[in-house]
Structure formats: C-alpha cells, structure tokens
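One file, run-v4.txt, carrying compact mmCIF, C-alpha atoms and all ligand atoms:
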# COMPACT_ATOMS: atom_id res chain seq x y z
CA MET Q 1 77.89 -44.80 -119.12
CA SER Q 2 79.42 -45.78 -122.45
CA GLU Q 3 79.24 -43.56 -125.45
CA ALA Q 4 77.10 -46.15 -127.21
CA ALA Q 5 74.74 -46.37 -124.27
CA ASN Q 6 73.68 -42.78 -124.80
CA LEU Q 7 71.77 -43.60 -127.93
CA THR Q 8 68.03 -43.15 -127.96
CA THR Q 9 65.90 -46.22 -128.46
CA ASP Q 10 64.54 -45.26 -131.87
CA ARG Q 11 68.01 -45.18 -133.42
CA PRO Q 12 69.88 -48.27 -134.60
CA LEU Q 13 72.94 -49.49 -132.74
CA ASP Q 14 75.94 -47.24 -133.30
CA LEU Q 15 78.37 -50.00 -134.18
CA GLU Q 16 81.50 -47.85 -134.19
CA ALA Q 17 80.68 -46.48 -130.73
CA VAL Q 18 80.06 -50.01 -129.45
CA ARG Q 19 83.38 -51.17 -130.89
CA ARG Q 20 85.19 -48.38 -129.07
CA ASP Q 21 83.79 -49.81 -125.83
CA PHE Q 22 85.72 -53.08 -126.34
CA PRO Q 23 89.49 -52.55 -125.98
CA ILE Q 24 90.38 -56.05 -127.19
CA LEU Q 25 89.11 -55.21 -130.67
CA GLN Q 26 92.30 -53.16 -131.11
CA GLU Q 27 94.39 -56.33 -131.05
CA ARG Q 28 96.00 -57.36 -134.34
CA ILE Q 29 95.95 -61.03 -135.38
CA TYR Q 30 98.80 -61.89 -137.74
CA GLY Q 31 98.73 -58.23 -138.69
CA ASN Q 32 95.00 -58.24 -139.45
CA ARG Q 33 92.05 -56.53 -137.77
CA LEU Q 34 90.50 -58.90 -135.23
CA VAL Q 35 87.22 -60.22 -136.60
CA PHE Q 36 85.83 -61.91 -133.53
CA LEU Q 37 83.09 -64.36 -134.47
CA ASP Q 38 83.17 -66.59 -131.40
CA SER Q 39 81.00 -64.74 -128.91
CA GLY Q 40 78.84 -67.83 -128.58
CA ALA Q 41 81.78 -69.48 -126.82
CA SER Q 42 82.65 -66.42 -124.76
CA ALA Q 43 81.97 -62.75 -125.44
CA GLN Q 44 84.52 -59.95 -125.17
CA LYS Q 45 84.28 -57.44 -122.30
CA PRO Q 46 83.45 -53.75 -122.57
CA GLN Q 47 85.51 -51.16 -120.71
CA ALA Q 48 82.63 -50.67 -118.24
CA VAL Q 49 83.03 -54.28 -117.06
CA LEU Q 50 86.81 -54.04 -116.87
CA ASP Q 51 86.49 -50.82 -114.86
CA ALA Q 52 83.91 -52.30 -112.48
CA ILE Q 53 86.15 -55.29 -111.75
CA ARG Q 54 89.24 -53.18 -111.20
CA ASP Q 55 87.32 -50.64 -109.12
CA ALA Q 56 85.86 -53.35 -106.90
CA TYR Q 57 89.28 -54.84 -106.15
CA GLU Q 58 90.87 -51.42 -105.66
CA HIS Q 59 88.19 -49.77 -103.52
CA SER Q 60 85.49 -52.15 -102.29
CA TYR Q 61 86.96 -55.58 -101.76
CA ALA Q 62 86.39 -57.74 -98.68
CA ASN Q 63 84.43 -60.91 -98.00
CA VAL Q 64 80.66 -60.49 -98.01
CA HIS Q 65 77.91 -61.09 -95.44
CA ARG Q 66 80.39 -61.60 -92.57
CA GLY Q 67 82.32 -58.45 -91.76
CA VAL Q 68 81.09 -55.80 -89.34
CA TYR Q 69 83.55 -53.35 -90.82
CA GLN Q 70 82.78 -50.78 -93.49
CA LEU Q 71 84.67 -52.36 -96.36
CA SER Q 72 82.85 -55.67 -95.98
CA GLN Q 73 79.57 -53.78 -95.88
CA LYS Q 74 80.52 -51.97 -99.07
CA ALA Q 75 81.40 -55.26 -100.82
CA THR Q 76 78.15 -56.82 -99.57
CA ASP Q 77 76.13 -53.89 -100.88
CA LEU Q 78 77.75 -54.22 -104.31
CA TYR Q 79 77.27 -57.99 -104.36
CA GLU Q 80 73.62 -57.76 -103.32
CA GLY Q 81 73.15 -54.82 -105.67
CA ALA Q 82 74.35 -57.10 -108.47
CA ARG Q 83 71.63 -59.57 -107.51
CA GLU Q 84 69.04 -56.84 -107.89
CA THR Q 85 70.51 -55.94 -111.30
CA VAL Q 86 70.10 -59.56 -112.39
CA ARG Q 87 66.56 -59.66 -111.01
CA ALA Q 88 65.59 -56.58 -113.02
CA PHE Q 89 67.40 -57.86 -116.13
CA ILE Q 90 65.25 -61.00 -116.32
CA ASN Q 91 62.26 -59.46 -114.51
CA ALA Q 92 62.22 -62.00 -111.69
CA GLY Q 93 59.66 -61.31 -108.98
CA ALA Q 94 62.12 -61.15 -106.07
CA VAL Q 95 65.87 -61.07 -105.41
CA GLU Q 96 65.50 -64.27 -103.37
CA GLU Q 97 64.83 -66.02 -106.66
CA VAL Q 98 68.25 -65.13 -108.06
CA ILE Q 99 71.05 -67.56 -107.13
CA PHE Q 100 74.63 -66.84 -108.14
CA THR Q 101 76.51 -69.89 -109.39
CA GLY Q 102 79.88 -70.42 -111.03
CA ASN Q 103 78.43 -70.67 -114.55
CA ALA Q 104 75.44 -72.12 -116.40
CA THR Q 105 76.79 -75.64 -116.01
CA GLN Q 106 76.77 -75.30 -112.23
CA ALA Q 107 73.25 -73.84 -112.27
CA LEU Q 108 71.98 -76.78 -114.34
CA ASN Q 109 73.77 -79.23 -112.03
CA LEU Q 110 72.29 -77.48 -109.01
CA VAL Q 111 68.77 -78.17 -110.28
CA ALA Q 112 69.63 -81.70 -111.42
CA ASN Q 113 70.92 -82.41 -107.91
CA ALA Q 114 68.61 -80.43 -105.63
CA PHE Q 115 65.35 -80.75 -107.57
CA GLY Q 116 66.57 -84.12 -108.81
CA SER Q 117 66.88 -85.42 -105.25
CA MET Q 118 63.10 -85.12 -104.93
CA LEU Q 119 62.48 -87.41 -107.93
CA GLU Q 120 61.76 -91.11 -107.70
CA ARG Q 121 62.86 -94.06 -109.76
CA GLY Q 122 60.91 -94.06 -113.02
CA ASP Q 123 60.18 -90.31 -112.96
CA GLU Q 124 60.90 -88.64 -116.26
CA VAL Q 125 62.85 -85.57 -117.37
CA VAL Q 126 62.45 -84.34 -120.94
CA ILE Q 127 65.19 -82.50 -122.83
CA SER Q 128 65.65 -81.77 -126.55
CA HIS Q 129 68.02 -83.18 -129.15
CA MET Q 130 69.93 -79.91 -129.45
CA GLU Q 131 71.06 -79.39 -125.86
CA HIS Q 132 74.56 -78.46 -124.81
CA HIS Q 133 76.25 -81.26 -122.87
CA SER Q 134 75.65 -79.30 -119.68
CA ASN Q 135 71.91 -79.95 -120.05
CA ILE Q 136 72.43 -83.63 -120.86
CA VAL Q 137 75.13 -85.04 -118.61
CA PRO Q 138 73.71 -83.84 -115.23
CA TRP Q 139 70.50 -85.76 -116.08
CA GLN Q 140 72.46 -88.85 -117.07
CA LEU Q 141 74.25 -88.68 -113.73
CA LEU Q 142 70.85 -88.49 -112.02
CA ARG Q 143 69.57 -91.35 -114.17
CA ASP Q 144 72.52 -93.51 -113.12
CA ARG Q 145 72.17 -92.52 -109.46
CA ALA Q 146 68.42 -92.40 -108.96
CA GLY Q 147 66.88 -94.32 -111.84
CA ILE Q 148 65.07 -91.44 -113.54
CA VAL Q 149 64.21 -91.77 -117.22
CA LEU Q 150 65.65 -89.24 -119.65
CA LYS Q 151 63.52 -88.55 -122.73
CA VAL Q 152 64.67 -86.59 -125.75
CA ALA Q 153 62.38 -84.46 -127.92
CA PRO Q 154 63.38 -84.72 -131.58
CA ILE Q 155 64.23 -81.98 -134.06
CA ASP Q 156 63.91 -81.86 -137.82
CA GLU Q 157 66.69 -81.48 -140.41
CA ARG Q 158 66.61 -77.68 -140.10
CA GLY Q 159 67.12 -77.84 -136.36
CA VAL Q 160 63.52 -77.00 -135.44
CA LEU Q 161 62.07 -78.60 -132.34
CA ASP Q 162 59.21 -81.03 -133.07
CA LEU Q 163 56.61 -79.65 -130.67
CA ASP Q 164 54.08 -82.41 -131.36
CA ALA Q 165 56.66 -85.06 -130.60
CA LEU Q 166 57.63 -83.17 -127.44
CA GLU Q 167 53.99 -83.13 -126.35
CA GLY Q 168 53.78 -86.85 -127.06
CA LEU Q 169 56.60 -87.47 -124.56
CA LEU Q 170 54.76 -85.79 -121.70
CA GLY Q 171 52.94 -88.03 -119.27
CA PRO Q 172 52.03 -88.53 -115.64
CA ARG Q 173 55.65 -89.35 -114.73
CA THR Q 174 57.13 -86.26 -116.41
CA LYS Q 175 58.58 -84.16 -113.61
CA LEU Q 176 60.50 -81.54 -115.58
CA ILE Q 177 61.17 -80.24 -119.08
CA SER Q 178 64.69 -78.85 -119.29
CA ILE Q 179 65.32 -77.16 -122.61
CA THR Q 180 67.54 -74.63 -124.29
CA HIS Q 181 66.22 -71.21 -125.27
CA VAL Q 182 68.67 -70.83 -128.16
CA ALA Q 183 70.61 -73.85 -129.44
CA ASN Q 184 74.32 -73.09 -129.24
CA ALA Q 185 75.43 -75.03 -132.31
CA LEU Q 186 72.56 -74.00 -134.62
CA GLY Q 187 71.14 -70.74 -133.31
CA THR Q 188 67.56 -72.11 -133.31
CA ILE Q 189 65.26 -70.11 -131.04
CA VAL Q 190 62.97 -72.52 -129.22
CA PRO Q 191 59.40 -71.22 -128.78
CA ILE Q 192 59.49 -71.37 -124.99
CA GLU Q 193 55.95 -69.97 -124.66
CA LYS Q 194 54.58 -72.99 -126.54
CA VAL Q 195 56.67 -75.44 -124.51
CA VAL Q 196 55.50 -73.82 -121.28
CA ALA Q 197 51.85 -73.86 -122.40
CA MET Q 198 51.91 -77.61 -123.01
CA ALA Q 199 53.85 -78.21 -119.78
CA LYS Q 200 51.57 -76.05 -117.63
CA ALA Q 201 48.48 -77.82 -118.99
CA ARG Q 202 49.89 -80.90 -117.28
CA GLY Q 203 51.39 -79.25 -114.20
CA ILE Q 204 54.96 -79.92 -115.36
CA PRO Q 205 57.69 -77.41 -114.39
CA VAL Q 206 60.03 -76.03 -117.05
CA MET Q 207 63.71 -75.11 -116.84
CA VAL Q 208 65.22 -73.04 -119.63
CA ASP Q 209 68.91 -72.81 -120.47
CA GLY Q 210 69.26 -69.21 -121.59
CA SER Q 211 73.05 -69.28 -122.01
CA GLN Q 212 72.73 -68.35 -125.69
CA ALA Q 213 69.64 -66.16 -125.32
CA VAL Q 214 70.01 -63.34 -122.77
CA GLN Q 215 72.77 -61.63 -124.76
CA HIS Q 216 70.64 -61.53 -127.90
CA MET Q 217 67.08 -60.67 -126.87
CA PRO Q 218 64.93 -59.40 -124.00
CA VAL Q 219 64.08 -62.18 -121.54
CA ASP Q 220 61.28 -61.90 -118.99
CA VAL Q 221 61.06 -64.98 -116.78
CA ARG Q 222 57.65 -64.00 -115.45
CA ALA Q 223 56.17 -63.41 -118.90
CA LEU Q 224 57.67 -66.73 -120.03
CA ASP Q 225 56.22 -68.29 -116.86
CA VAL Q 226 59.19 -70.63 -116.45
CA ASP Q 227 60.18 -72.28 -113.18
CA PHE Q 228 63.94 -72.12 -113.68
CA TYR Q 229 66.05 -70.01 -116.01
CA VAL Q 230 69.81 -70.35 -116.30
CA PHE Q 231 72.51 -68.23 -117.90
CA THR Q 232 76.25 -67.71 -117.76
CA GLY Q 233 78.07 -64.41 -117.22
CA HIS Q 234 80.88 -64.67 -119.74
CA LYS Q 235 78.59 -64.99 -122.74
CA VAL Q 236 76.72 -61.80 -121.86
CA TYR Q 237 79.89 -59.63 -121.80
CA GLY Q 238 80.54 -60.31 -118.12
CA PRO Q 239 83.45 -62.15 -116.49
CA SER Q 240 83.83 -65.92 -116.44
CA GLY Q 241 83.25 -67.82 -113.20
CA ILE Q 242 79.81 -66.33 -112.56
CA GLY Q 243 76.43 -67.70 -113.58
CA VAL Q 244 72.81 -67.33 -112.60
CA LEU Q 245 70.03 -69.67 -111.62
CA TYR Q 246 66.61 -68.05 -111.47
CA GLY Q 247 64.13 -70.25 -109.63
CA ARG Q 248 60.51 -69.67 -108.82
CA LYS Q 249 60.39 -69.15 -105.06
CA GLU Q 250 57.98 -72.03 -104.34
CA MET Q 251 60.30 -74.37 -106.23
CA LEU Q 252 63.49 -73.21 -104.54
CA GLU Q 253 61.87 -73.39 -101.12
CA LYS Q 254 60.89 -77.02 -101.64
CA MET Q 255 64.36 -78.02 -102.80
CA PRO Q 256 67.06 -79.15 -100.36
CA PRO Q 257 70.49 -77.50 -100.63
CA TRP Q 258 73.00 -79.12 -102.95
CA ILE Q 259 76.36 -78.03 -101.57
CA GLY Q 260 76.92 -77.52 -97.85
CA GLY Q 261 79.28 -75.12 -96.11
CA GLY Q 262 79.62 -71.55 -94.94
CA ASP Q 263 77.00 -68.90 -95.71
CA MET Q 264 74.24 -71.42 -96.52
CA ILE Q 265 73.41 -72.02 -92.84
CA LEU Q 266 71.65 -70.21 -90.02
CA SER Q 267 73.07 -72.45 -87.29
CA VAL Q 268 75.19 -75.57 -87.08
CA THR Q 269 75.62 -78.09 -84.29
CA PHE Q 270 77.02 -81.59 -84.72
CA ASP Q 271 73.46 -82.88 -84.40
CA GLU Q 272 71.65 -80.50 -86.67
CA THR Q 273 72.07 -77.73 -89.21
CA VAL Q 274 69.42 -75.12 -89.96
CA TYR Q 275 69.74 -73.90 -93.51
CA ASN Q 276 69.81 -70.27 -94.46
CA ASP Q 277 66.96 -68.52 -96.27
CA LEU Q 278 66.85 -68.01 -100.01
CA PRO Q 279 68.95 -67.30 -101.93
CA TYR Q 280 71.82 -68.12 -99.56
CA LYS Q 281 70.66 -71.71 -99.05
CA PHE Q 282 72.11 -72.37 -102.50
CA GLU Q 283 75.26 -70.24 -102.23
CA ALA Q 284 77.64 -72.20 -100.02
CA GLY Q 285 81.14 -70.79 -99.56
CA THR Q 286 82.65 -67.46 -100.51
CA PRO Q 287 80.96 -66.49 -103.77
CA ASN Q 288 82.55 -64.93 -106.84
CA ILE Q 289 82.04 -61.47 -105.35
CA VAL Q 290 83.78 -59.44 -108.02
CA GLY Q 291 82.39 -61.74 -110.71
CA ALA Q 292 78.88 -60.77 -109.64
CA ILE Q 293 79.83 -57.09 -109.63
CA GLY Q 294 81.34 -57.45 -113.11
CA LEU Q 295 78.25 -59.28 -114.32
CA ALA Q 296 76.03 -56.45 -113.08
CA ALA Q 297 78.17 -53.97 -115.02
CA ALA Q 298 77.76 -56.17 -118.12
CA LEU Q 299 73.99 -56.35 -117.72
CA ASP Q 300 73.86 -52.57 -117.24
CA TYR Q 301 75.88 -52.20 -120.42
CA VAL Q 302 73.52 -54.45 -122.38
CA THR Q 303 70.50 -52.68 -120.93
CA GLY Q 304 72.07 -49.35 -121.84
CA LEU Q 305 72.43 -50.44 -125.46
CA GLY Q 306 68.88 -51.77 -125.42
CA ARG Q 307 68.12 -55.41 -125.98
CA GLU Q 308 65.51 -54.72 -128.67
CA ARG Q 309 68.10 -52.69 -130.51
CA ILE Q 310 70.75 -55.40 -130.07
CA ALA Q 311 68.28 -58.00 -131.39
CA ALA Q 312 67.48 -55.84 -134.43
CA HIS Q 313 71.17 -55.21 -135.16
CA GLU Q 314 72.14 -58.85 -134.84
CA ALA Q 315 69.17 -59.98 -136.93
CA ASP Q 316 70.45 -57.76 -139.73
CA VAL Q 317 73.99 -59.18 -139.45
CA LEU Q 318 72.65 -62.73 -139.35
CA ALA Q 319 70.42 -62.24 -142.40
CA TYR Q 320 73.33 -60.63 -144.26
CA ALA Q 321 75.56 -63.58 -143.31
CA HIS Q 322 73.01 -66.07 -144.62
CA ARG Q 323 72.77 -64.14 -147.90
CA GLN Q 324 76.51 -63.76 -148.35
CA LEU Q 325 77.36 -67.35 -147.49
CA GLY Q 326 74.76 -68.42 -150.06
CA GLN Q 327 77.24 -67.46 -152.81
CA PHE Q 328 79.43 -70.47 -152.00
CA ASN Q 329 78.09 -73.58 -153.70
CA ASN Q 330 80.58 -75.68 -151.71
CA LEU Q 331 79.18 -74.46 -148.38
CA ARG Q 332 76.39 -76.20 -146.49
CA LEU Q 333 74.54 -74.31 -143.82
CA ILE Q 334 73.82 -76.38 -140.72
CA GLY Q 335 70.82 -75.01 -138.85
CA THR Q 336 68.25 -73.33 -141.06
CA ALA Q 337 65.40 -72.81 -138.62
CA PRO Q 338 63.27 -69.79 -139.56
CA ASP Q 339 63.74 -68.35 -136.08
CA LYS Q 340 67.44 -68.01 -135.25
CA ALA Q 341 69.71 -65.87 -133.10
CA GLY Q 342 73.37 -65.02 -133.39
CA VAL Q 343 74.80 -68.17 -135.00
CA VAL Q 344 75.77 -69.42 -138.45
CA SER Q 345 77.07 -72.99 -138.52
CA PHE Q 346 78.35 -74.49 -141.75
CA LEU Q 347 80.56 -77.01 -143.50
CA MET Q 348 82.83 -76.47 -146.51
CA GLU Q 349 82.93 -79.34 -148.96
CA GLY Q 350 86.15 -81.32 -148.71
CA ALA Q 351 87.58 -79.19 -145.90
CA HIS Q 352 87.75 -80.33 -142.30
CA PRO Q 353 86.27 -77.71 -139.92
CA HIS Q 354 89.59 -77.52 -138.05
CA ASP Q 355 91.45 -76.68 -141.25
CA VAL Q 356 88.85 -74.05 -142.09
CA GLY Q 357 89.20 -72.54 -138.61
CA THR Q 358 92.98 -72.42 -138.89
CA ILE Q 359 92.94 -70.77 -142.33
CA LEU Q 360 90.41 -68.20 -141.09
CA ASP Q 361 92.53 -67.47 -138.05
CA ARG Q 362 95.55 -66.59 -140.21
CA GLN Q 363 93.33 -63.87 -141.68
CA GLY Q 364 92.24 -62.53 -138.31
CA VAL Q 365 88.84 -64.27 -138.30
CA ALA Q 366 88.15 -66.15 -135.05
CA VAL Q 367 85.49 -68.86 -135.28
CA ARG Q 368 84.75 -71.98 -133.31
CA VAL Q 369 85.08 -75.40 -134.90
CA GLY Q 370 84.09 -78.85 -133.69
CA HIS Q 371 81.05 -80.38 -132.04
CA HIS Q 372 80.28 -77.35 -129.83
CA CYS Q 373 79.60 -79.55 -126.79
CA ALA Q 374 76.57 -80.93 -128.59
CA GLN Q 375 77.71 -84.36 -129.75
CA PRO Q 376 74.23 -85.98 -129.78
CA LEU Q 377 73.09 -83.17 -132.09
CA MET Q 378 76.04 -83.75 -134.42
CA GLU Q 379 75.20 -87.45 -134.46
CA ARG Q 380 71.56 -86.64 -135.27
CA LEU Q 381 72.66 -84.48 -138.21
CA GLU Q 382 75.26 -87.10 -139.20
CA ILE Q 383 78.16 -84.66 -139.21
CA PRO Q 384 81.37 -84.66 -137.13
CA GLY Q 385 81.13 -80.98 -136.31
CA THR Q 386 80.76 -77.57 -137.91
CA VAL Q 387 82.46 -74.24 -138.37
CA ARG Q 388 80.48 -71.79 -136.25
CA ALA Q 389 80.47 -68.03 -136.59
CA SER Q 390 78.58 -66.46 -133.70
CA PHE Q 391 77.78 -62.79 -133.40
CA GLY Q 392 77.90 -60.22 -130.64
CA VAL Q 393 76.99 -56.55 -130.37
CA TYR Q 394 80.33 -55.51 -131.85
CA ASN Q 395 79.92 -57.48 -135.08
CA GLY Q 396 78.73 -55.87 -138.27
CA ARG Q 397 78.29 -56.61 -141.93
CA ASP Q 398 81.98 -55.83 -142.46
CA ASP Q 399 82.82 -58.82 -140.25
CA VAL Q 400 80.67 -61.01 -142.47
CA ASP Q 401 82.52 -59.60 -145.50
CA ALA Q 402 85.82 -60.49 -143.81
CA LEU Q 403 84.52 -64.00 -143.15
CA VAL Q 404 83.44 -64.37 -146.76
CA ALA Q 405 86.83 -63.14 -148.06
CA ALA Q 406 88.61 -65.58 -145.75
CA LEU Q 407 86.35 -68.42 -146.85
CA ALA Q 408 87.16 -67.61 -150.48
CA LYS Q 409 90.76 -68.51 -149.60
CA VAL Q 410 89.55 -71.78 -148.11
CA SER Q 411 87.66 -72.49 -151.32
CA GLU Q 412 90.79 -71.73 -153.35
CA ILE Q 413 92.81 -74.21 -151.30
CA PHE Q 414 90.22 -76.97 -151.14
CA GLY Q 415 88.20 -76.24 -154.28
C1 LIG K 501 73.41 -73.49 -124.52
C2 LIG K 501 74.54 -73.57 -123.55
N1 LIG K 501 74.31 -74.03 -122.31
C3 LIG K 501 75.26 -74.10 -121.39
C4 LIG K 501 76.55 -73.71 -121.68
C5 LIG K 501 77.58 -73.84 -120.61
O1 LIG K 501 78.06 -72.60 -120.21
P1 LIG K 501 79.23 -72.55 -119.12
O2 LIG K 501 80.38 -73.31 -119.73
O3 LIG K 501 79.53 -71.12 -118.92
O4 LIG K 501 78.71 -73.23 -117.91
C6 LIG K 501 76.86 -73.24 -122.94
C7 LIG K 501 78.25 -72.87 -123.28
O5 LIG K 501 78.71 -73.03 -124.40
C8 LIG K 501 75.83 -73.16 -123.90
O6 LIG K 501 76.06 -72.69 -125.12

Will you turn the file into structure tokens for me?
Amino acid sequence: MSEAANLTTDRPLDLEAVRRDFPILQERIYGNRLVFLDSGASAQKPQAVLDAIRDAYEHSYANVHRGVYQLSQKATDLYEGARETVRAFINAGAVEEVIFTGNATQALNLVANAFGSMLERGDEVVISHMEHHSNIVPWQLLRDRAGIVLKVAPIDERGVLDLDALEGLLGPRTKLISITHVANALGTIVPIEKVVAMAKARGIPVMVDGSQAVQHMPVDVRALDVDFYVFTGHKVYGPSGIGVLYGRKEMLEKMPPWIGGGDMILSVTFDETVYNDLPYKFEAGTPNIVGAIGLAAALDYVTGLGRERIAAHEADVLAYAHRQLGQFNNLRLIGTAPDKAGVVSFLMEGAHPHDVGTILDRQGVAVRVGHHCAQPLMERLEIPGTVRASFGVYNGRDDVDALVAALAKVSEIFG
C-alpha cells in the first residue's frame, strides 16, 4: 500500500505523499519541475500500478481461461480478480456485468453495435451537445447503417445541460439516452440522477460515459440506476489499452455479441456457434490481461486514497484555479457550470491555443490545446478550441500558481 493510502478518511489528501507515488513527476522539462495539467487526456501512473504490471509479467503471465497449468491459472485468477475489483469500484451487482474492453471508445462502440443491432429504422438515440467524439461517431455510423435518428440535447453558454430540452426530445421512439457524466472539454458534471429519472419514467435505458468521472468522484452504478456505464483505464491512473463496459445483466443478456472469435463461444461447428455466458460473450480474443491487472492496481490505489477525499482535494484546486485565473482580464473561461470536476478550459485574447500551449510547455507546464475531440461543442460555443488544464490527484495549488506564472509570460508576449 502506498504511503498516501495510509491516511485516515477524516484527513485531507497528503499531496506530497501522493506525489512521491508518481515517479514521472521527478522528470525535468526544459530544466523546470513538471507541472502536469493534462490528466484529462491521460493520467500518470503510480508506482503501485507500475509494480503490478511488472510483477504480472515477471511472475504470473500466461494466457487466461485456457491453460490447465498453474501459471495460466494464476494469470486467470488475477484477471478475474481485476474484474471483481472493477465491480466493487463501481458497485455493480455482479461480475458478469463487467466487460473488459480496449478503452472507453470500444465500450461505446460495443453498445452502439450490439444494442444498436436491436434498433429499427426510425428509432431514436439521444446524446448531448458536449459529448466526446467517441459518443457521437458510433451513433452516426449506426444512423448511416440502420437508419436510426440521432437527437442532440442542447446546452447553455455556461456548458450546462438543458434538462427541459432533453426531456422534450424523449418520445415513444427513444430507445437510449447516451450521455457523458463529466464533459471532457468543460468539466461540467451532468446530473445523471435527473436524466435517469426522466428516462425511467418512460422506460428508456441510459448509458453514461464516465471517462472523465470515475477518477474524480465516487460512482455507484446501482445508486445511479444506469443501464450502461463506460470508463477508460488510462484516465484513472491505470494503463492504456484497457477499458470497462458495465451493463445491466438483463440488457447484456438480450444483446447479441459484437465481435466473434475465441473465448466468446461455448461451442463452434460450421453450422452453428453457441455463445459463451456473460461476460465472455463480449470479450472475444485474448484480452489485455496485464492491462486489467494494472487497472485493478490503479482502482485499489484510488480507493486507498479515498474518492471523497480526492473529490474534496480537487474541488479546492479547481476553485483556486478559477479564482487565480480571474486576475487575467485577457482570459476567457470556457465552461462555467456551477457543478464542475477537474477541468479549466480557457482562451487568451489574441493568442492561439497552440501558441499558449507551446509557451507553457517551455516552462514545464503541460496542458492540452485544441478541440478536445469535441468539435460539435466547439462549434456550439463558436470557438476553434481551448487551452485545457485538467487536474489529477497529484496536482495542488502550487501547480495553479505555476500555470498562472506561465500565463503571465503569455500575456507579456501577446498583451
Ligand atoms: C468523455 C470522454 N469519453 C471518451 C473518451 C475516449 O477515451 P479513450 O480514448 O480511452 O477510448 C474520452 C477521452 O478523452 C473522454 O474524455
């Protein structure tokens, strides 16, 4: 267990202890301390995750579910143990409801294809205006293939979902609402409980993209009463190449498989294939075995720190960032919803986001610039893109101070 994980729940996050858990934070960038403000794109990995990955390859590696020998059994136990860790992390009712995928994108595509194959021409899927492309394009592919209708719930200037307008889009042909939990470009937290309440009143299932949520706050899929919940390993301090689809058992059982191959079958003849039980029906081919093991180590790490405590720490950093950035009269915040997590997006007058990002980088401050895979949102806000600082457990007020100092240089150059 990490040093930081030993803290008791009534104490705030011990930032210095957390930072010691992340070896990459020792790297120097152009001679500066690394101020990593791009965890929304991909988070850094704690030593516990690095150790779990190395340990699995050194001591427990073989293919899973197939070997009669001890090493394969050991790998299978770790892989299936990881599934249980995920189940507990999101409080799913059963391990069968946890499907490992390659990332969030693949999980969203799985539902768009498998659930989508049960939809008929003219059936409707509702998304919001602040989705990541991975919760837009799979539905457009389905629209082009199967004639479904894609409806988009609007947002206001602050980046707050218009719940009344969303409700107005729901009708007898609505077959699914697929919506983000936290908007990646703005940080808006969507009130999923309210979305679910209006969906359930009409018998409409709900899928939530939690790619920007699970690393910031406790998530309980049963309390939320969602039908599908998706997240991606690399944003929650785990490795890349591993993602999760939670699906309510009744839903997953109804859905046909999406990808066919090894492991997802019980028997195959040239005439007929009998599909495997859940969750394997949706896990064709050799899975990312060590990715799942690394993800479990990441979730254990996050659980050890305490998600309430992480949320409280990050809320403080976010509020501080909003206050400090307020001192620039040439800076425009993009995304001012009252309920936000982990993200500050902004524009500097007269400076292209790419130039801002480059100047910040020379000072050791890593941010993301561009459209953040949310081009329809950028179009809605009539901007080409933003500079986005996104926070993780290892960020503190000193990182915000470093950002502010670096932005002062930008102001000097472009002011
Ligand atoms: C809200 C949201 N959904 C989905 C994704 C896609 O994640 P991945 O690229 O790991 O599939 C991202 C990544 O930026 C995201 O922010």

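Nearest to Leu161 in chain Q of all the residues Q:Gly67, Q:Asn91, Q:Gly326, Q:Pro338 is Q:Pro338, counting all atoms listed in the file.
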
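Nearest residue to ligand LIG 501 (chain K) among Q:Arg332, Q:His354, Q:Lys45, Q:His133 is Q:His133, counting only C-alpha atoms and all ligand atoms.
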
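One finds CA of Ala321 in chain Q at 14.2 Å from CA of Ala408 in chain Q.
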
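Each of Q:Gly285, Q:Gly294, Q:Pro384, Q:Gly415 was checked against Gly262 in chain Q using all atoms listed in the file; the smallest atom-to-atom distance is that of Q:Gly285.
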
Expected residue set, 8 Å radius at (87.9, -78.6, -151.2), all atoms listed in the file, as a PyMOL selection string: chain Q and resi 330+348-351+410-415

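Nearest residue to Asn113 in chain Q among Q:Gly171, Q:Gly203, Q:Pro191, Q:Pro256 is Q:Pro256, counting all atoms listed in the file.
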
Quick one: residues within 12 Å of Ala43 in chain Q, all atoms listed in the file counted, chain neighbours fewer than 4 positions away excluded, as a PDB file with C-alpha atoms, in the frame of the given file?
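Generated file (out_30.pdb):
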ATOM      1  CA  PHE Q  22      85.720 -53.080-126.340  1.00  0.00           C
ATOM      2  CA  ILE Q  24      90.380 -56.050-127.190  1.00  0.00           C
ATOM      3  CA  LEU Q  25      89.110 -55.210-130.670  1.00  0.00           C
ATOM      4  CA  PHE Q  36      85.830 -61.910-133.530  1.00  0.00           C
ATOM      5  CA  LEU Q  37      83.090 -64.360-134.470  1.00  0.00           C
ATOM      6  CA  ASP Q  38      83.170 -66.590-131.400  1.00  0.00           C
ATOM      7  CA  SER Q  39      81.000 -64.740-128.910  1.00  0.00           C
ATOM      8  CA  VAL Q  49      83.030 -54.280-117.060  1.00  0.00           C
ATOM      9  CA  SER Q 211      73.050 -69.280-122.010  1.00  0.00           C
ATOM     10  CA  GLN Q 212      72.730 -68.350-125.690  1.00  0.00           C
ATOM     11  CA  GLN Q 215      72.770 -61.630-124.760  1.00  0.00           C
ATOM     12  CA  HIS Q 216      70.640 -61.530-127.900  1.00  0.00           C
ATOM     13  CA  THR Q 232      76.250 -67.710-117.760  1.00  0.00           C
ATOM     14  CA  GLY Q 233      78.070 -64.410-117.220  1.00  0.00           C
ATOM     15  CA  HIS Q 234      80.880 -64.670-119.740  1.00  0.00           C
ATOM     16  CA  LYS Q 235      78.590 -64.990-122.740  1.00  0.00           C
ATOM     17  CA  VAL Q 236      76.720 -61.800-121.860  1.00  0.00           C
ATOM     18  CA  TYR Q 237      79.890 -59.630-121.800  1.00  0.00           C
ATOM     19  CA  GLY Q 238      80.540 -60.310-118.120  1.00  0.00           C
ATOM     20  CA  PRO Q 239      83.450 -62.150-116.490  1.00  0.00           C
ATOM     21  CA  SER Q 240      83.830 -65.920-116.440  1.00  0.00           C
ATOM     22  CA  ALA Q 298      77.760 -56.170-118.120  1.00  0.00           C
ATOM     23  CA  GLY Q 342      73.370 -65.020-133.390  1.00  0.00           C
ATOM     24  CA  ALA Q 366      88.150 -66.150-135.050  1.00  0.00           C
ATOM     25  CA  SER Q 390      78.580 -66.460-133.700  1.00  0.00           C
ATOM     26  CA  PHE Q 391      77.780 -62.790-133.400  1.00  0.00           C
ATOM     27  CA  GLY Q 392      77.900 -60.220-130.640  1.00  0.00           C
ATOM     28  CA  VAL Q 393      76.990 -56.550-130.370  1.00  0.00           C
ATOM     29  CA  TYR Q 394      80.330 -55.510-131.850  1.00  0.00           C
ATOM     30  CA  ASN Q 395      79.920 -57.480-135.080  1.00  0.00           C
TER      31      ASN Q 395
END

Could you give me the axis-aligned bounding box of range 124-130 of chain Q, with 3 Å of padding per side, as centre plus edge lengths in Å to one decimal, as lines of an AutoDock Vina configuration file?
center_x = 65.4
center_y = -84.3
center_z = -122.9
size_x = 15.0
size_y = 14.7
size_z = 19.2

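Among the candidates Q:Leu245, Q:Ile155, Q:Met118, Q:Leu34, the one nearest to Asp398 in chain Q when counting all atoms listed in the file is Q:Leu34.
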
Long-range neighbours of range 141-152 of chain Q as JSON, numbers by chain, 6 Å cut-off, all atoms listed in the file, 5 positions minimum in chain: {"Q": [121, 122, 123, 124, 125, 126, 127, 128, 129]}

Quick one: of Q:Thr286, Q:Asn32, Q:Thr188, Q:Gln327, who's nearest to Val344 in chain Q, counting all atoms listed in the file? Q:Thr188
